[in-house]
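Asker: One structure follows; several queries about it will come next.
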Amino acid sequence: MSGTLMVSVSGVRGLVGTDLTPELVARYAAAFGTLAREHAPRVVLARDSRTSGAMFADAARSGLQSVGCTVVDCGIIPTPSAQLAVEHHGAGGGIILTASHNPIEWNALKFVGHDGLFLDKDASSQLQALVATEVPRVGWDGVGAQLEDAGAVERHIEAVLVLPVLDVAAIQARRFTVALDCVRGAGGTIMPRLLERLGCVVVGINTETDGRFPRPPEPIPEHLGDLGNLVRSSGADVGMAVDPDVDRLALVDETGRAIGEDYTLAFGVEAVLRREAGPVVVNLSTSLVVDDAASASGVTVARAPVGEANVARAMRAAKAIVGGEGNGGVMLPALHLGRDAPLAAALVLDLLASGTASVSARVASRPRYAIVKAKAPRGADLAALYRVLERRFGDATADRQDGLRLAWPDRWVHVRPSGTEPVVRMIAEARTLAVAEALVAACRETVA
């Protein structure tokens, strides 16, 4: 990490024009293209709607072509659509230019392997090593070609609609009214179209794809006030918000109250398990509401380190039928092993169509938990911090897969270094807000 540049299993992200520059993007693209060509000469290129996206796409395209890759340019599309495009084209990999939920001044490169999954730690390390070298470039007669792919979004929609786990006819028959907030990201390319294909009446805000985010782009409750107002004014059955690259979905109930992203995954898990029982895998920071949804079907939940690449590989190893991350990222191997907001939206509607209970009623019928999230500047010796916490909470079950997670039957706390910001994240969940706050406060004291 240099300055604000963040290099992790989540990709490479930084502030536009300072740490993240076209020169750096081209260098990474050339290195990635060199690795991708070992599998296939084609590389998919996609981006979200950020104002810096076109500039960085040009740089990435040049870097890829300079090592002989054929670039399949998909333009502005969701991240999961790009992952599916890698599989569709039999590509050697894909580069997606998106900083996901980060503010507008950030951008990033995400790297997808030939299998449609984000690079794991070993592949990311191999890429970093290659970036540090002088990658050989091709001559005039070896420059890679460029192809356009205008069909990635439509293929994604069709792939969702034919999933056996969905009762599309039942969803269409309900004619749900859905209030939608796409934060002027890539969601405008897919969410209204998919919802309309599912028979919904869509009332949307921020569906333009100009990258001028009207609010902080992370779809957490404190950022969804306008969507809540839209739900109330339109009488919508549910409100849905996505992040700029459309891999996370947040829900607002019919009263206009944001219910928290963990319920997206809990609803998705319940929708799938209603039809088929099987393993469920989530990350270490995911709410117990998902465990409750799984246990209702007699299924236990396995946990993996935070990060889509980590969860995807854990799901593949466990032969999981559904899983994801508590930030609103639902993953269904029957579609692809990636977080997918359009998929999540369809699963939520499928669950609502299975009965008459509203979103708020479904939330009220479940055990309630309070989640507290905090962060602090990252110190040098996190291992020492973990040892202190383990000693302090000696009665907890400790998990060191990703930082430190301390768990009891009805509560947990997770302390880990962020992969997207230079901070330590602290997340706690308990039956009461006071207990969750006390767990985070204990972590804060130790960090300080």
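Labeling convention for the structure tokens: chains A, B, ... as they appear, residues from 1 per chain, ligands from 1 in order of appearance.
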Please provide as a PyMOL selection string all residues within 9 Å of Thr4 in chain A, with the sequence filter that same-chain residues fewer than 3 positions apart are discarded (counting only C-alpha atoms).
Answerer: chain A and resi 1+13-15+18-20+421-422
Asker: At most 12 Å is the cut-off: for each residue in range 85-122 of chain A with any atom that close to an atom of range 324-348 of chain A, write down the nearest atom pair and the distance in Å rounded to one decimal, counting only C-alpha atoms, chain first then increasing number, as a Markdown table.
Answerer:
| residue | atom | partner | partner_atom | distance |
| --- | --- | --- | --- | --- |
| A:Ala85 | CA | A:His336 | CA | 10.8 |
| A:Val86 | CA | A:His336 | CA | 11.0 |
| A:Glu87 | CA | A:His336 | CA | 9.2 |
| A:His88 | CA | A:His336 | CA | 11.3 |
| A:Ser100 | CA | A:Arg339 | CA | 11.9 |
| A:His101 | CA | A:Asn327 | CA | 10.5 |
| A:Val112 | CA | A:Gly338 | CA | 10.4 |
| A:Gly113 | CA | A:Leu337 | CA | 11.9 |
| A:Asp115 | CA | A:Leu337 | CA | 9.4 |
| A:Gly116 | CA | A:Leu337 | CA | 7.6 |
| A:Leu117 | CA | A:Leu337 | CA | 6.6 |
| A:Phe118 | CA | A:Gly338 | CA | 8.3 |
| A:Leu119 | CA | A:Gly338 | CA | 11.9 |
Asker: Residues of the last selection are to be written out with C-alpha atoms, as an mmCIF file, in the first residue's frame.
Answerer:
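Here's the written file selection-v1.cif:
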data_model
loop_
_atom_site.group_PDB
_atom_site.id
_atom_site.type_symbol
_atom_site.label_atom_id
_atom_site.label_comp_id
_atom_site.auth_asym_id
_atom_site.auth_seq_id
_atom_site.Cartn_x
_atom_site.Cartn_y
_atom_site.Cartn_z
ATOM 1 C CA ALA A 85 -19.345 -12.372 -19.516
ATOM 2 C CA VAL A 86 -15.935 -13.871 -18.693
ATOM 3 C CA GLU A 87 -17.545 -17.305 -18.576
ATOM 4 C CA HIS A 88 -19.665 -16.652 -21.688
ATOM 5 C CA SER A 100 -17.860 -0.482 -5.529
ATOM 6 C CA HIS A 101 -19.260 1.342 -2.478
ATOM 7 C CA VAL A 112 -11.556 -11.828 -12.526
ATOM 8 C CA GLY A 113 -9.915 -15.153 -13.329
ATOM 9 C CA ASP A 115 -13.248 -19.240 -13.991
ATOM 10 C CA GLY A 116 -15.338 -16.108 -13.445
ATOM 11 C CA LEU A 117 -14.170 -15.726 -9.827
ATOM 12 C CA PHE A 118 -12.130 -12.885 -8.413
ATOM 13 C CA LEU A 119 -8.475 -13.720 -7.952
#
Asker: Quick one: DSSP helix (DSSP H, G or I) residues in range 103-239 of chain A, as a PyMOL selection string?
Answerer: chain A and resi 121-131+152-161+168-174+186-189+191-197+221-223+225-234
Asker: Please compute the CA of Gly204 in chain A-CA of Ala46 in chain A distance, one decimal, in Å.
Answerer: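 One can read the CA of Gly204 in chain A to CA of Ala46 in chain A distance as 24.1 Å.
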Asker: Rounded to one decimal in Å, what is the spacing between CA of Leu195 in chain A and CA of Val281 in chain A?
Answerer: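 Going from CA of Leu195 in chain A over to CA of Val281 in chain A, I get 26.9 Å.
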Asker: As a PDB file with N, CA and C atoms, in the first residue's frame, please: the residues near Val131 in chain A (cut-off 12 Å, only C-alpha atoms, same-chain neighbours under 4 positions excluded).
Answerer:
ATOM      1  N   VAL A   7      -4.083  -2.290  -1.955  1.00  0.00           N
ATOM      2  CA  VAL A   7      -3.842  -3.490  -2.742  1.00  0.00           C
ATOM      3  C   VAL A   7      -4.216  -4.682  -1.878  1.00  0.00           C
ATOM      4  N   VAL A  12      -7.295  -3.425  -6.577  1.00  0.00           N
ATOM      5  CA  VAL A  12      -6.418  -2.271  -6.376  1.00  0.00           C
ATOM      6  C   VAL A  12      -7.272  -1.023  -6.463  1.00  0.00           C
ATOM      7  N   GLU A  23      -1.517   5.689 -15.896  1.00  0.00           N
ATOM      8  CA  GLU A  23      -0.263   4.960 -16.066  1.00  0.00           C
ATOM      9  C   GLU A  23      -0.249   3.690 -15.215  1.00  0.00           C
ATOM     10  N   LEU A  24      -0.710   3.816 -13.981  1.00  0.00           N
ATOM     11  CA  LEU A  24      -0.744   2.650 -13.099  1.00  0.00           C
ATOM     12  C   LEU A  24      -1.749   1.622 -13.600  1.00  0.00           C
ATOM     13  N   VAL A  25      -2.903   2.087 -14.039  1.00  0.00           N
ATOM     14  CA  VAL A  25      -3.929   1.180 -14.552  1.00  0.00           C
ATOM     15  C   VAL A  25      -3.392   0.403 -15.753  1.00  0.00           C
ATOM     16  N   ALA A  26      -2.728   1.094 -16.655  1.00  0.00           N
ATOM     17  CA  ALA A  26      -2.172   0.422 -17.837  1.00  0.00           C
ATOM     18  C   ALA A  26      -1.139  -0.618 -17.438  1.00  0.00           C
ATOM     19  N   ARG A  27      -0.346  -0.300 -16.451  1.00  0.00           N
ATOM     20  CA  ARG A  27       0.689  -1.240 -15.993  1.00  0.00           C
ATOM     21  C   ARG A  27       0.057  -2.503 -15.409  1.00  0.00           C
ATOM     22  N   TYR A  28      -0.945  -2.315 -14.571  1.00  0.00           N
ATOM     23  CA  TYR A  28      -1.640  -3.470 -14.006  1.00  0.00           C
ATOM     24  C   TYR A  28      -2.341  -4.283 -15.092  1.00  0.00           C
ATOM     25  N   ALA A  29      -2.950  -3.584 -16.044  1.00  0.00           N
ATOM     26  CA  ALA A  29      -3.665  -4.283 -17.111  1.00  0.00           C
ATOM     27  C   ALA A  29      -2.709  -5.131 -17.948  1.00  0.00           C
ATOM     28  N   ALA A  30      -1.530  -4.588 -18.240  1.00  0.00           N
ATOM     29  CA  ALA A  30      -0.545  -5.347 -19.020  1.00  0.00           C
ATOM     30  C   ALA A  30      -0.095  -6.587 -18.253  1.00  0.00           C
ATOM     31  N   ALA A  31       0.149  -6.424 -16.962  1.00  0.00           N
ATOM     32  CA  ALA A  31       0.561  -7.568 -16.150  1.00  0.00           C
ATOM     33  C   ALA A  31      -0.546  -8.615 -16.078  1.00  0.00           C
ATOM     34  N   PHE A  32      -1.777  -8.155 -15.862  1.00  0.00           N
ATOM     35  CA  PHE A  32      -2.894  -9.090 -15.793  1.00  0.00           C
ATOM     36  C   PHE A  32      -3.097  -9.790 -17.134  1.00  0.00           C
ATOM     37  N   GLY A  33      -3.008  -9.030 -18.217  1.00  0.00           N
ATOM     38  CA  GLY A  33      -3.169  -9.626 -19.535  1.00  0.00           C
ATOM     39  C   GLY A  33      -2.141 -10.699 -19.819  1.00  0.00           C
ATOM     40  N   THR A  34      -0.925 -10.494 -19.345  1.00  0.00           N
ATOM     41  CA  THR A  34       0.123 -11.489 -19.517  1.00  0.00           C
ATOM     42  C   THR A  34      -0.253 -12.807 -18.833  1.00  0.00           C
ATOM     43  N   LEU A  35      -0.824 -12.709 -17.632  1.00  0.00           N
ATOM     44  CA  LEU A  35      -1.268 -13.905 -16.919  1.00  0.00           C
ATOM     45  C   LEU A  35      -2.510 -14.514 -17.566  1.00  0.00           C
ATOM     46  N   GLY A  63      -3.227  -1.201 -22.077  1.00  0.00           N
ATOM     47  CA  GLY A  63      -2.336  -2.143 -21.409  1.00  0.00           C
ATOM     48  C   GLY A  63      -2.563  -3.572 -21.865  1.00  0.00           C
ATOM     49  N   SER A 124      -3.409 -13.161  -6.729  1.00  0.00           N
ATOM     50  CA  SER A 124      -3.183 -11.726  -6.536  1.00  0.00           C
ATOM     51  C   SER A 124      -1.705 -11.447  -6.272  1.00  0.00           C
ATOM     52  N   SER A 125      -1.061 -12.305  -5.498  1.00  0.00           N
ATOM     53  CA  SER A 125       0.370 -12.137  -5.223  1.00  0.00           C
ATOM     54  C   SER A 125       1.191 -12.301  -6.498  1.00  0.00           C
ATOM     55  N   GLN A 126       0.803 -13.255  -7.338  1.00  0.00           N
ATOM     56  CA  GLN A 126       1.484 -13.454  -8.615  1.00  0.00           C
ATOM     57  C   GLN A 126       1.354 -12.220  -9.503  1.00  0.00           C
ATOM     58  N   LEU A 127       0.166 -11.622  -9.504  1.00  0.00           N
ATOM     59  CA  LEU A 127      -0.047 -10.402 -10.279  1.00  0.00           C
ATOM     60  C   LEU A 127       0.818  -9.270  -9.755  1.00  0.00           C
ATOM     61  N   VAL A 135       7.068  -5.887 -17.949  1.00  0.00           N
ATOM     62  CA  VAL A 135       6.332  -6.872 -18.735  1.00  0.00           C
ATOM     63  C   VAL A 135       6.676  -6.701 -20.221  1.00  0.00           C
ATOM     64  N   PRO A 136       7.057  -7.765 -20.914  1.00  0.00           N
ATOM     65  CA  PRO A 136       7.344  -7.655 -22.356  1.00  0.00           C
ATOM     66  C   PRO A 136       6.106  -7.231 -23.132  1.00  0.00           C
TER      67      PRO A 136
END
Asker: When you look at Met426 in chain A with a cut-off of 7 Å (counting only C-alpha atoms), what residues show up, excluding the ones that are within fewer than 4 positions of it in the same chain? I need them as number ranges by chain.
Answerer: A: 373-375, 414-416, 440
Asker: Write a file of the just-selected residues containing C-alpha atoms, as a PDB file, in the first residue's frame.
Answerer:
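In the end it all went to result32.pdb:
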ATOM      1  CA  LYS A 373     -19.983  -1.257  13.314  1.00  0.00           C
ATOM      2  CA  ALA A 374     -16.947   0.907  13.955  1.00  0.00           C
ATOM      3  CA  LYS A 375     -13.466   1.472  12.598  1.00  0.00           C
ATOM      4  CA  HIS A 414     -15.151  -9.488  14.620  1.00  0.00           C
ATOM      5  CA  VAL A 415     -11.987  -7.385  14.401  1.00  0.00           C
ATOM      6  CA  ARG A 416     -10.092  -7.334  11.097  1.00  0.00           C
ATOM      7  CA  VAL A 440     -17.097  -2.790  20.246  1.00  0.00           C
TER       8      VAL A 440
END
Asker: Looking at only C-alpha atoms, which of A:Ala441, A:Val202, A:Val280, A:Ala318 is the one that sits closest to Leu389 in chain A?
Answerer: A:Ala441
Asker: Can you pull out the residues contacting Ser295 in chain A? Cut-off 10 Å, using only C-alpha atoms, and skip same-chain residues under 6 positions away; I want them as a ChimeraX atom specification.
Answerer: /A:270,289,301
Asker: Give me, as a compact mmCIF listing (two decimals) with N, CA and C atoms, in the first residue's frame, all polymer residues having an atom no more than 10 Å from Asp167 in chain A, counting only C-alpha atoms and skipping those fewer than 3 positions away in the same chain.
Answerer:
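Result went into part.txt, see below:
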# COMPACT_ATOMS: atom_id res chain seq x y z
N LEU A 161 -33.80 -15.25 -14.95
CA LEU A 161 -35.21 -15.61 -15.15
C LEU A 161 -35.43 -17.10 -15.36
N VAL A 162 -34.43 -17.83 -15.79
CA VAL A 162 -34.62 -19.27 -16.02
C VAL A 162 -34.13 -20.12 -14.85
N LEU A 163 -33.75 -19.49 -13.74
CA LEU A 163 -33.29 -20.26 -12.59
C LEU A 163 -34.43 -21.13 -12.03
N PRO A 164 -34.20 -22.43 -11.84
CA PRO A 164 -35.25 -23.30 -11.30
C PRO A 164 -35.72 -22.90 -9.90
N ALA A 170 -45.32 -16.82 -10.44
CA ALA A 170 -45.91 -16.39 -9.17
C ALA A 170 -45.51 -14.95 -8.84
N ILE A 171 -44.27 -14.60 -9.13
CA ILE A 171 -43.83 -13.21 -8.89
C ILE A 171 -44.60 -12.27 -9.80
N GLN A 172 -44.69 -12.60 -11.06
CA GLN A 172 -45.39 -11.75 -12.03
C GLN A 172 -46.85 -11.56 -11.65
N LEU A 198 -40.12 -9.17 -14.33
CA LEU A 198 -40.74 -9.92 -13.25
C LEU A 198 -42.14 -9.42 -12.92
N ALA A 346 -34.50 -10.79 -7.27
CA ALA A 346 -35.43 -11.82 -7.72
C ALA A 346 -35.75 -12.80 -6.60
N LEU A 347 -34.76 -13.18 -5.81
CA LEU A 347 -35.01 -14.10 -4.70
C LEU A 347 -35.90 -13.47 -3.64
N LEU A 349 -38.18 -11.17 -4.09
CA LEU A 349 -39.54 -11.14 -4.63
C LEU A 349 -40.16 -12.53 -4.65
N ASP A 350 -39.35 -13.55 -4.91
CA ASP A 350 -39.85 -14.92 -4.89
C ASP A 350 -40.34 -15.29 -3.49
N LEU A 351 -39.58 -14.87 -2.46
CA LEU A 351 -39.99 -15.15 -1.09
C LEU A 351 -41.28 -14.41 -0.76
N ALA A 353 -43.57 -13.50 -2.80
CA ALA A 353 -44.66 -14.08 -3.58
C ALA A 353 -45.14 -15.41 -3.01
N SER A 354 -44.35 -16.00 -2.11
CA SER A 354 -44.71 -17.31 -1.56
C SER A 354 -45.76 -17.22 -0.46
Asker: For Ser81 in chain A, which residue out of A:Val138, A:Ala36, A:Val67, A:Ala152 is the nearest one, using only C-alpha atoms?
Answerer: A:Ala152
Asker: Could you name the residues that touch range 216-225 of chain A at 9 Å or less, counting only C-alpha atoms, but leaving out those on the same chain fewer than 4 positions away, as a PDB file with N, CA and C atoms, in the first residue's frame?
Answerer:
ATOM      1  N   SER A 100     -16.739   0.074  -6.267  1.00  0.00           N
ATOM      2  CA  SER A 100     -17.860  -0.482  -5.529  1.00  0.00           C
ATOM      3  C   SER A 100     -18.548   0.589  -4.686  1.00  0.00           C
ATOM      4  N   HIS A 101     -18.518   0.431  -3.348  1.00  0.00           N
ATOM      5  CA  HIS A 101     -19.260   1.342  -2.478  1.00  0.00           C
ATOM      6  C   HIS A 101     -18.449   2.565  -2.071  1.00  0.00           C
ATOM      7  N   ASN A 102     -17.180   2.658  -2.507  1.00  0.00           N
ATOM      8  CA  ASN A 102     -16.368   3.808  -2.102  1.00  0.00           C
ATOM      9  C   ASN A 102     -16.906   5.113  -2.690  1.00  0.00           C
ATOM     10  N   PRO A 103     -16.604   6.253  -2.059  1.00  0.00           N
ATOM     11  CA  PRO A 103     -17.081   7.543  -2.560  1.00  0.00           C
ATOM     12  C   PRO A 103     -16.590   7.843  -3.975  1.00  0.00           C
ATOM     13  N   ILE A 104     -17.148   8.877  -4.560  1.00  0.00           N
ATOM     14  CA  ILE A 104     -16.958   9.177  -5.972  1.00  0.00           C
ATOM     15  C   ILE A 104     -15.510   9.488  -6.331  1.00  0.00           C
ATOM     16  N   ASP A 181     -33.605   2.557  -6.085  1.00  0.00           N
ATOM     17  CA  ASP A 181     -32.569   3.593  -6.065  1.00  0.00           C
ATOM     18  C   ASP A 181     -31.266   2.967  -6.559  1.00  0.00           C
ATOM     19  N   VAL A 183     -28.497   4.856  -7.368  1.00  0.00           N
ATOM     20  CA  VAL A 183     -27.425   5.788  -7.023  1.00  0.00           C
ATOM     21  C   VAL A 183     -26.635   6.269  -8.249  1.00  0.00           C
ATOM     22  N   GLY A 185     -25.449   4.656 -10.589  1.00  0.00           N
ATOM     23  CA  GLY A 185     -24.380   3.735 -10.929  1.00  0.00           C
ATOM     24  C   GLY A 185     -24.796   2.839 -12.080  1.00  0.00           C
ATOM     25  N   ASN A 229     -38.636   7.619   1.653  1.00  0.00           N
ATOM     26  CA  ASN A 229     -39.702   8.571   1.295  1.00  0.00           C
ATOM     27  C   ASN A 229     -40.424   8.128   0.034  1.00  0.00           C
ATOM     28  N   LEU A 230     -39.666   7.600  -0.932  1.00  0.00           N
ATOM     29  CA  LEU A 230     -40.270   7.145  -2.181  1.00  0.00           C
ATOM     30  C   LEU A 230     -41.186   5.950  -1.937  1.00  0.00           C
ATOM     31  N   ALA A 241     -32.254  -0.862  -3.044  1.00  0.00           N
ATOM     32  CA  ALA A 241     -31.136   0.021  -3.381  1.00  0.00           C
ATOM     33  C   ALA A 241     -29.920  -0.837  -3.692  1.00  0.00           C
ATOM     34  N   VAL A 242     -29.167  -0.426  -4.700  1.00  0.00           N
ATOM     35  CA  VAL A 242     -27.943  -1.131  -5.055  1.00  0.00           C
ATOM     36  C   VAL A 242     -26.761  -0.183  -4.943  1.00  0.00           C
ATOM     37  N   ASP A 243     -25.573  -0.754  -4.874  1.00  0.00           N
ATOM     38  CA  ASP A 243     -24.355   0.055  -4.883  1.00  0.00           C
ATOM     39  C   ASP A 243     -23.945   0.315  -6.339  1.00  0.00           C
ATOM     40  N   PRO A 244     -22.905   1.116  -6.594  1.00  0.00           N
ATOM     41  CA  PRO A 244     -22.592   1.501  -7.972  1.00  0.00           C
ATOM     42  C   PRO A 244     -22.277   0.359  -8.922  1.00  0.00           C
ATOM     43  N   ARG A 248     -24.402  -5.565  -4.528  1.00  0.00           N
ATOM     44  CA  ARG A 248     -25.027  -5.525  -3.208  1.00  0.00           C
ATOM     45  C   ARG A 248     -26.431  -4.939  -3.305  1.00  0.00           C
ATOM     46  N   LEU A 249     -27.352  -5.537  -2.565  1.00  0.00           N
ATOM     47  CA  LEU A 249     -28.741  -5.082  -2.540  1.00  0.00           C
ATOM     48  C   LEU A 249     -29.159  -4.821  -1.110  1.00  0.00           C
ATOM     49  N   ALA A 250     -29.747  -3.640  -0.868  1.00  0.00           N
ATOM     50  CA  ALA A 250     -30.310  -3.301   0.436  1.00  0.00           C
ATOM     51  C   ALA A 250     -31.815  -3.115   0.290  1.00  0.00           C
ATOM     52  N   LEU A 251     -32.546  -3.407   1.366  1.00  0.00           N
ATOM     53  CA  LEU A 251     -34.002  -3.374   1.324  1.00  0.00           C
ATOM     54  C   LEU A 251     -34.576  -2.335   2.276  1.00  0.00           C
ATOM     55  N   VAL A 252     -35.689  -1.758   1.850  1.00  0.00           N
ATOM     56  CA  VAL A 252     -36.499  -0.858   2.670  1.00  0.00           C
ATOM     57  C   VAL A 252     -37.891  -1.472   2.741  1.00  0.00           C
ATOM     58  N   GLY A 256     -41.198   2.271   4.735  1.00  0.00           N
ATOM     59  CA  GLY A 256     -40.124   3.203   4.422  1.00  0.00           C
ATOM     60  C   GLY A 256     -38.917   3.063   5.315  1.00  0.00           C
ATOM     61  N   ARG A 257     -38.862   1.979   6.117  1.00  0.00           N
ATOM     62  CA  ARG A 257     -37.750   1.775   7.038  1.00  0.00           C
ATOM     63  C   ARG A 257     -36.706   0.849   6.415  1.00  0.00           C
ATOM     64  N   ALA A 258     -35.452   1.311   6.397  1.00  0.00           N
ATOM     65  CA  ALA A 258     -34.362   0.454   5.926  1.00  0.00           C
ATOM     66  C   ALA A 258     -34.117  -0.640   6.957  1.00  0.00           C
ATOM     67  N   ILE A 259     -34.072  -1.893   6.517  1.00  0.00           N
ATOM     68  CA  ILE A 259     -34.035  -3.005   7.470  1.00  0.00           C
ATOM     69  C   ILE A 259     -32.633  -3.567   7.666  1.00  0.00           C
ATOM     70  N   GLY A 260     -31.639  -3.083   6.926  1.00  0.00           N
ATOM     71  CA  GLY A 260     -30.278  -3.587   7.085  1.00  0.00           C
ATOM     72  C   GLY A 260     -29.953  -4.634   6.039  1.00  0.00           C
ATOM     73  N   GLU A 261     -28.724  -4.599   5.550  1.00  0.00           N
ATOM     74  CA  GLU A 261     -28.340  -5.446   4.416  1.00  0.00           C
ATOM     75  C   GLU A 261     -28.324  -6.935   4.736  1.00  0.00           C
ATOM     76  N   ASN A 327     -23.306  -7.925   3.651  1.00  0.00           N
ATOM     77  CA  ASN A 327     -23.423  -6.559   3.127  1.00  0.00           C
ATOM     78  C   ASN A 327     -24.434  -6.470   1.993  1.00  0.00           C
ATOM     79  N   GLY A 328     -25.290  -7.477   1.864  1.00  0.00           N
ATOM     80  CA  GLY A 328     -26.294  -7.477   0.803  1.00  0.00           C
ATOM     81  C   GLY A 328     -25.876  -8.242  -0.429  1.00  0.00           C
TER      82      GLY A 328
END
Asker: Of the residues A:Asp292, A:Glu254, A:Asp247, A:Glu158, which is the one nearest to Gly235 in chain A, using only C-alpha atoms?
Answerer: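 That would be A:Glu254, the residue with the smallest distance to Gly235 in chain A.
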